[in-house]
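*Asks:* Take a look at input36.cif, mmCIF, C-alpha atoms:
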data_final
#
loop_
_atom_site.label_atom_id
_atom_site.label_comp_id
_atom_site.auth_asym_id
_atom_site.auth_seq_id
_atom_site.Cartn_x
_atom_site.Cartn_y
_atom_site.Cartn_z
CA MET H 1 45.26 -6.06 -15.02
CA THR H 2 42.97 -5.03 -17.90
CA ARG H 3 39.19 -5.22 -17.77
CA ARG H 4 38.98 -8.10 -20.25
CA PRO H 5 40.94 -10.59 -18.11
CA LEU H 6 38.93 -9.47 -15.05
CA ALA H 7 35.67 -10.15 -16.88
CA LEU H 8 37.00 -13.52 -18.03
CA LEU H 9 37.95 -14.46 -14.47
CA GLY H 10 34.46 -13.49 -13.29
CA SER H 11 32.87 -15.68 -15.95
CA LEU H 12 35.10 -18.61 -15.05
CA ALA H 13 34.24 -18.23 -11.36
CA THR H 14 30.51 -18.27 -12.12
CA ALA H 15 30.93 -21.32 -14.35
CA LEU H 16 32.81 -23.10 -11.58
CA LEU H 17 30.06 -22.36 -9.06
CA LEU H 18 27.44 -23.69 -11.44
CA SER H 19 29.45 -26.81 -12.22
CA LEU H 20 29.66 -27.54 -8.49
CA GLY H 21 25.92 -27.06 -8.10
CA LEU H 22 26.35 -23.80 -6.22
CA ALA H 23 24.27 -20.73 -7.06
CA ALA H 24 26.13 -17.48 -7.59
CA PRO H 25 24.69 -14.63 -5.50
CA ALA H 26 22.15 -12.50 -7.33
CA SER H 27 23.59 -9.15 -8.26
CA ALA H 28 22.50 -6.17 -6.20
CA ALA H 29 25.68 -4.19 -6.74
CA GLY H 30 25.13 -0.59 -5.79
CA THR H 31 21.91 -1.30 -3.88
CA ASP H 32 21.58 0.35 -0.47
CA TYR H 33 19.11 -1.77 1.49
CA ALA H 34 17.34 -0.94 4.76
CA ALA H 35 15.19 -3.49 6.62
CA LEU H 36 12.60 -1.96 8.95
CA GLY H 37 9.73 -3.46 10.90
CA ASP H 38 8.70 -5.73 13.73
CA SER H 39 9.50 -9.25 14.96
CA TYR H 40 8.46 -10.85 11.68
CA SER H 41 11.24 -8.85 10.03
CA SER H 42 13.79 -9.11 12.84
CA GLY H 43 13.58 -12.91 12.83
CA VAL H 44 11.86 -13.78 16.11
CA GLY H 45 11.01 -17.46 16.22
CA THR H 46 14.45 -18.75 15.25
CA ASN H 47 15.84 -18.54 18.81
CA ASN H 48 19.13 -17.46 17.21
CA TYR H 49 19.99 -13.76 17.49
CA ASP H 50 22.86 -11.43 16.77
CA SER H 51 24.94 -10.54 19.78
CA GLY H 52 24.26 -6.94 20.68
CA SER H 53 20.75 -6.86 19.18
CA GLY H 54 19.26 -7.14 22.67
CA SER H 55 15.48 -7.11 22.93
CA CYS H 56 15.19 -6.37 19.19
CA ARG H 57 16.18 -10.01 18.56
CA ARG H 58 17.69 -9.65 15.09
CA SER H 59 18.44 -13.04 13.66
CA PRO H 60 20.96 -14.18 11.04
CA GLN H 61 18.10 -16.37 9.79
CA ALA H 62 15.65 -13.48 9.30
CA TYR H 63 14.59 -12.83 5.71
CA PRO H 64 16.41 -9.45 5.45
CA ARG H 65 19.70 -11.07 6.38
CA LEU H 66 19.08 -13.99 4.02
CA TRP H 67 18.31 -11.59 1.18
CA ALA H 68 21.43 -9.54 1.88
CA ASN H 69 23.57 -12.68 2.03
CA SER H 70 22.30 -13.87 -1.35
CA HIS H 71 22.31 -10.48 -3.12
CA ALA H 72 25.39 -8.74 -1.69
CA PRO H 73 23.99 -5.18 -1.60
CA ALA H 74 26.37 -2.24 -1.38
CA SER H 75 25.07 -1.50 2.13
CA PHE H 76 22.64 -3.15 4.54
CA GLN H 77 20.91 -1.43 7.45
CA PHE H 78 19.07 -3.97 9.64
CA VAL H 79 16.97 -2.05 12.18
CA ALA H 80 13.82 -4.18 12.46
CA CYS H 81 12.98 -4.77 16.11
CA SER H 82 10.83 -7.23 18.04
CA GLY H 83 7.72 -5.56 19.42
CA ALA H 84 7.86 -2.57 17.07
CA THR H 85 4.68 -0.65 16.28
CA THR H 86 4.15 1.96 13.59
CA ARG H 87 4.98 4.62 16.18
CA GLU H 88 8.30 2.99 17.00
CA VAL H 89 9.18 2.75 13.31
CA LEU H 90 8.54 6.49 13.03
CA ASN H 91 10.52 7.31 16.17
CA ASN H 92 13.39 4.82 16.05
CA GLN H 93 13.93 3.26 12.62
CA LEU H 94 13.75 5.97 9.98
CA GLY H 95 17.34 7.02 10.66
CA ALA H 96 18.38 4.03 8.54
CA LEU H 97 16.93 5.77 5.46
CA ASN H 98 18.29 8.56 3.29
CA ALA H 99 18.03 9.91 -0.23
CA GLY H 100 20.42 7.20 -1.45
CA THR H 101 18.43 4.25 -0.11
CA ASP H 102 17.40 1.97 -2.99
CA LEU H 103 15.41 -0.78 -1.25
CA VAL H 104 13.29 -0.77 1.91
CA THR H 105 11.46 -3.76 3.38
CA ILE H 106 9.00 -3.67 6.26
CA SER H 107 6.41 -5.74 8.10
CA ILE H 108 4.39 -3.68 10.55
CA GLY H 109 0.91 -3.45 12.05
CA GLY H 110 0.59 -6.67 14.05
CA ASN H 111 1.68 -5.10 17.31
CA ASP H 112 -0.51 -2.04 16.76
CA ALA H 113 -3.46 -4.44 16.57
CA GLY H 114 -2.42 -6.31 19.74
CA PHE H 115 -1.41 -9.53 17.98
CA ALA H 116 0.18 -11.14 21.05
CA ASP H 117 -2.71 -10.35 23.39
CA VAL H 118 -5.31 -11.65 20.94
CA VAL H 119 -3.50 -14.96 20.47
CA THR H 120 -3.03 -15.30 24.23
CA THR H 121 -6.74 -14.68 24.83
CA CYS H 122 -7.67 -17.32 22.28
CA ARG H 123 -5.09 -19.77 23.61
CA LEU H 124 -6.20 -19.52 27.23
CA GLY H 125 -9.76 -18.20 27.16
CA SER H 126 -13.22 -19.25 26.05
CA ASP H 127 -14.62 -19.34 22.54
CA SER H 128 -16.66 -16.20 23.24
CA GLY H 129 -13.63 -14.43 24.68
CA CYS H 130 -11.61 -15.32 21.59
CA LEU H 131 -14.39 -14.10 19.28
CA THR H 132 -14.58 -10.78 21.12
CA ALA H 133 -10.80 -10.30 21.04
CA VAL H 134 -10.58 -11.07 17.31
CA ASN H 135 -13.54 -8.82 16.48
CA ASN H 136 -12.03 -5.97 18.50
CA ALA H 137 -8.74 -6.41 16.66
CA LYS H 138 -10.54 -6.45 13.31
CA ALA H 139 -12.31 -3.21 14.20
CA TYR H 140 -8.98 -1.60 15.05
CA ILE H 141 -7.36 -2.95 11.87
CA THR H 142 -10.21 -1.63 9.74
CA ASN H 143 -10.79 1.74 11.40
CA THR H 144 -7.54 2.90 13.01
CA LEU H 145 -4.61 1.01 11.50
CA PRO H 146 -5.02 2.45 7.96
CA GLY H 147 -4.20 5.96 9.19
CA ARG H 148 -1.16 4.72 11.10
CA LEU H 149 0.10 2.80 8.08
CA ASP H 150 -0.44 5.81 5.82
CA GLU H 151 1.58 8.01 8.18
CA THR H 152 4.38 5.44 8.35
CA TYR H 153 4.49 4.88 4.61
CA ARG H 154 4.55 8.63 3.92
CA ALA H 155 7.48 9.05 6.30
CA ILE H 156 9.38 6.24 4.57
CA ARG H 157 8.78 7.83 1.18
CA ASN H 158 9.88 11.23 2.43
CA ARG H 159 13.11 9.82 3.84
CA ALA H 160 13.86 7.56 0.87
CA PRO H 161 12.19 9.20 -2.14
CA GLY H 162 13.81 6.96 -4.74
CA ALA H 163 13.58 3.62 -2.97
CA ARG H 164 11.60 0.57 -3.95
CA VAL H 165 9.56 -0.26 -0.83
CA VAL H 166 8.34 -3.80 -0.27
CA VAL H 167 5.72 -4.30 2.43
CA LEU H 168 5.57 -7.91 3.58
CA GLY H 169 2.39 -9.25 5.14
CA TYR H 170 1.70 -11.87 7.79
CA PRO H 171 0.83 -15.55 7.31
CA ARG H 172 -2.25 -17.32 8.58
CA LEU H 173 -0.93 -18.95 11.73
CA PHE H 174 -2.87 -22.20 11.70
CA GLU H 175 -3.93 -25.18 9.67
CA LEU H 176 -7.46 -26.40 10.32
CA GLY H 177 -8.47 -29.97 11.14
CA SER H 178 -6.95 -32.20 13.78
CA CYS H 179 -4.22 -30.65 15.91
CA GLY H 180 -3.74 -32.99 18.86
CA PHE H 181 -4.57 -32.86 22.54
CA GLY H 182 -4.33 -29.48 24.26
CA SER H 183 -4.16 -27.42 21.08
CA ILE H 184 -6.21 -24.35 20.24
CA SER H 185 -9.62 -25.49 18.98
CA GLU H 186 -10.36 -25.45 15.28
CA TYR H 187 -13.01 -22.79 15.87
CA LYS H 188 -10.49 -20.44 17.48
CA ARG H 189 -7.89 -21.19 14.82
CA GLY H 190 -10.40 -20.21 12.17
CA LEU H 191 -11.13 -16.93 13.98
CA LEU H 192 -7.43 -16.07 14.20
CA ASN H 193 -6.86 -16.92 10.55
CA GLY H 194 -9.75 -14.63 9.68
CA GLY H 195 -8.02 -11.85 11.60
CA ALA H 196 -4.88 -12.45 9.54
CA ASP H 197 -6.93 -12.13 6.35
CA THR H 198 -8.37 -8.81 7.50
CA MET H 199 -4.87 -7.59 8.30
CA SER H 200 -3.59 -8.64 4.88
CA SER H 201 -6.44 -6.87 3.11
CA VAL H 202 -5.84 -3.59 4.94
CA ILE H 203 -2.03 -3.64 4.67
CA SER H 204 -2.08 -4.51 0.98
CA GLY H 205 -4.55 -1.73 0.29
CA ARG H 206 -2.56 0.93 2.10
CA ALA H 207 0.72 -0.27 0.55
CA SER H 208 -0.83 -0.01 -2.90
CA ALA H 209 -2.16 3.47 -2.15
CA ALA H 210 1.37 4.52 -1.18
CA GLY H 211 2.80 3.14 -4.42
CA PHE H 212 4.62 0.34 -2.60
CA ASN H 213 4.88 -3.34 -3.49
CA TYR H 214 2.98 -5.76 -1.26
CA ALA H 215 4.31 -9.30 -0.76
CA ASP H 216 1.54 -11.61 0.45
CA VAL H 217 3.05 -14.61 2.26
CA ARG H 218 -0.18 -16.46 3.06
CA GLY H 219 -0.02 -18.73 0.03
CA ARG H 220 3.61 -19.62 0.65
CA PHE H 221 2.86 -20.64 4.24
CA ALA H 222 -0.25 -22.62 3.27
CA GLY H 223 0.13 -26.17 4.54
CA HIS H 224 2.92 -25.11 6.91
CA GLY H 225 1.04 -23.39 9.73
CA VAL H 226 0.76 -24.54 13.33
CA CYS H 227 -0.84 -28.03 13.33
CA ALA H 228 0.75 -28.99 9.99
CA SER H 229 2.90 -32.10 9.70
CA SER H 230 5.76 -29.81 8.68
CA PRO H 231 5.07 -26.48 10.40
CA TRP H 232 7.03 -23.36 9.52
CA ILE H 233 5.47 -21.48 12.46
CA ASN H 234 6.05 -22.13 16.16
CA GLY H 235 3.13 -23.06 18.36
CA THR H 236 3.25 -22.29 22.08
CA THR H 237 6.94 -22.45 23.02
CA TRP H 238 9.39 -21.55 25.73
CA PRO H 239 10.64 -18.88 25.78
CA VAL H 240 7.17 -17.59 25.08
CA VAL H 241 8.42 -14.76 22.83
CA GLU H 242 9.18 -17.38 20.16
CA SER H 243 5.54 -18.50 20.10
CA TYR H 244 3.48 -17.97 16.93
CA HIS H 245 6.40 -16.63 14.92
CA PRO H 246 8.03 -18.25 11.89
CA LYS H 247 10.74 -20.82 12.39
CA ALA H 248 13.94 -20.54 10.36
CA SER H 249 12.18 -22.63 7.68
CA GLY H 250 9.40 -20.04 7.53
CA TYR H 251 11.81 -17.20 6.87
CA SER H 252 13.78 -19.13 4.25
CA GLY H 253 10.85 -20.95 2.64
CA GLY H 254 8.10 -18.36 3.04
CA TYR H 255 9.37 -14.81 3.47
CA LEU H 256 12.56 -14.89 1.42
CA PRO H 257 10.90 -16.24 -1.76
CA ALA H 258 8.08 -13.70 -1.35
CA LEU H 259 10.65 -10.89 -1.27
CA THR H 260 12.79 -12.20 -4.13
CA ALA H 261 9.65 -12.60 -6.26
CA VAL H 262 9.43 -8.80 -6.12
CA THR H 263 13.11 -7.82 -6.20
CA GLY H 264 14.58 -10.61 -8.34
#
Rewrite the structure of this file - the entire thing - as structure tokens.

*Replies:*
Amino acid sequence: MTRRPLALLGSLATALLLSLGLAAPASAAGTDYAALGDSYSSGVGTNNYDSGSGSCRRSPQAYPRLWANSHAPASFQFVACSGATTREVLNNQLGALNAGTDLVTISIGGNDAGFADVVTTCRLGSDSGCLTAVNNAKAYITNTLPGRLDETYRAIRNRAPGARVVVLGYPRLFELGSCGFGSISEYKRGLLNGGADTMSSVISGRASAAGFNYADVRGRFAGHGVCASSPWINGTTWPVVESYHPKASGYSGGYLPALTAVTG
């Protein structure tokens, strides 16, 4: 069959999809995509994980998978892993990259700063204990994390010299105001949100210094944190690993649009 009939068939197929109200996948033909990072990239919070992903908890509802489904890249390496730190990215995830990699996404830094322990302290402890934990995390984020991010970003660039790298940040976890009986107090929620702002400032600065794109998700999650009428983030849940991570709606409504705003 000649190229002209093939092109015509493609146009007709697109027209049919549009007439049915279905969106044709965005074109990413030829793009080799690698998704690195921690639980916010692997999709923890959905309680729906790929068989064989084990403790990494890679979800079909995570934003990397959603982006790949809608863009049909030439190849897709999904190596993000629950609990990952910058050190684990350096040791265990860079094998997904090579000189032909075109797109890299990553969220990283929360586990380095002890995200889970800080939230647990604030959830179970006193106001003063929460304040101390958040301030200690902020000191780490400000003084130590920049060097770890720089090392990680340099390694990504060295492994994938021609890739567009998109660094995705973290949302503020909570809405302020009333949150019902037994919830984390508004004071503690404000402290934790302040920690998220410090994290965003540092990550965005280091991403910019590396020549990477930074996708800030805080605005997209605004009004959808824990305590919202329509939350996109889990509160305290069972199993506990799902706690304080985005729900499927957070990945599709918060993270995916933040990524596509950069990539198209």

*Asks:* Between H:Thr46, H:Ser107, H:Ser178, H:Ser82, single out the one closest to Thr237 in chain H, counting all atoms listed in the file.

*Replies:*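 Smallest distance to Thr237 in chain H is found for H:Thr46.
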
*Asks:* Measuring atom to atom with only C-alpha atoms, identify which of H:Gly45, H:Gly162, H:Gly52, H:Gly177 is nearest to Tyr244 in chain H.

*Replies:*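 Closest to Tyr244 in chain H of all the choices is H:Gly45.
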
*Asks:* I'd like the residues picked by the PyMOL selection byres ((chain H and resi 180-196) around 7) written out as a list in words, using the chain letters and numbers from the file.

*Replies:* Cys122, Arg123, Asp127, Cys130, Leu131, Val134, Lys138, Tyr170, Pro171, Arg172, Leu173, Phe174, Leu176, Gly177, Ser178, Cys179, Asp197, Thr198, Met199 and Ser200 of chain H

*Asks:* Could you state the separation of CA of Arg87 in chain H and CA of Val167 in chain H in Å, given to one decimal place?

*Replies:*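 Separation of CA of Arg87 in chain H and CA of Val167 in chain H: 16.4 Å.
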
*Asks:* Could you write out as a list in words the residues that the PyMOL selection byres ((chain H and resi 226) around 9) matches in the shown file?

*Replies:*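 On this input, the PyMOL selection byres ((chain H and resi 226) around 9) captures Leu173, Phe174, Glu175, Leu176, Cys179, Gly223, His224, Gly225, Cys227, Ala228, Ser229, Ser230, Pro231, Trp232, Ile233, Asn234, Gly235 and Tyr244 of chain H.
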
*Asks:* Here is a test: counting only C-alpha atoms, which residue of H:Val166, H:Leu124, H:Ile203, H:Val79 is nearest to Gly147 in chain H?

*Replies:*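 Of all the options, H:Ile203 lies closest to Gly147 in chain H.
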
*Asks:* If we count all atoms listed in the file and set the cut-off at 10 Å, which residues sit around Ser55 in chain H, ignoring sequence neighbours fewer than 6 positions away in its own chain? Please answer as a list in words.

*Replies:*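 Residues near the query, excluding close chain neighbours: Tyr49, Cys81, Ser82 and Gly83 of chain H.
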
*Asks:* Using Å and a single decimal, report how far CA of Ser126 in chain H sits from CA of Gly109 in chain H.

*Replies:*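 According to the coordinates, CA of Gly109 in chain H and CA of Ser126 in chain H are separated by 25.4 Å.
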
*Asks:* Where does the PyMOL selection byres ((chain H and resi 80) around 9) land in this file, that is, which residues does it pick, as JSON, numbers by chain?

*Replies:* {"H": [35, 36, 37, 38, 39, 40, 41, 42, 43, 56, 57, 58, 78, 79, 81, 82, 84, 89, 93, 106, 107]}

*Asks:* Just to be explicit: take each residue in the selection above, keep C-alpha atoms, and write the result as a compact mmCIF listing (two decimals), in the coordinates of the input.

*Replies:*
# COMPACT_ATOMS: atom_id res chain seq x y z
CA ALA H 35 15.19 -3.49 6.62
CA LEU H 36 12.60 -1.96 8.95
CA GLY H 37 9.73 -3.46 10.90
CA ASP H 38 8.70 -5.73 13.73
CA SER H 39 9.50 -9.25 14.96
CA TYR H 40 8.46 -10.85 11.68
CA SER H 41 11.24 -8.85 10.03
CA SER H 42 13.79 -9.11 12.84
CA GLY H 43 13.58 -12.91 12.83
CA CYS H 56 15.19 -6.37 19.19
CA ARG H 57 16.18 -10.01 18.56
CA ARG H 58 17.69 -9.65 15.09
CA PHE H 78 19.07 -3.97 9.64
CA VAL H 79 16.97 -2.05 12.18
CA CYS H 81 12.98 -4.77 16.11
CA SER H 82 10.83 -7.23 18.04
CA ALA H 84 7.86 -2.57 17.07
CA VAL H 89 9.18 2.75 13.31
CA GLN H 93 13.93 3.26 12.62
CA ILE H 106 9.00 -3.67 6.26
CA SER H 107 6.41 -5.74 8.10

*Asks:* May I ask for the distance between CA of Ile156 in chain H and CA of Gln61 in chain H, given in Å to one decimal place?

*Replies:* 24.8 Å

*Asks:* Identify the residues within 10 Å of coordinate (19.1, 9.3, 3.0) (same frame as the file), considering only C-alpha atoms, and give the answer as a list in words.

*Replies:*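 Residues found, by chain and rising number: Asp32, Leu94, Gly95, Ala96, Leu97, Asn98, Ala99, Gly100, Thr101, Asp102, Asn158, Arg159, Ala160, Pro161, Gly162 and Ala163 of chain H.
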
*Asks:* If we count all atoms listed in the file and set the cut-off at 9 Å, which residues sit around Ala261 in chain H, ignoring sequence neighbours fewer than 4 positions away in its own chain? Please answer as a list in words.

*Replies:*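 With the cut-off at 9 Å, the set is Ala215, Leu256 and Pro257 of chain H.
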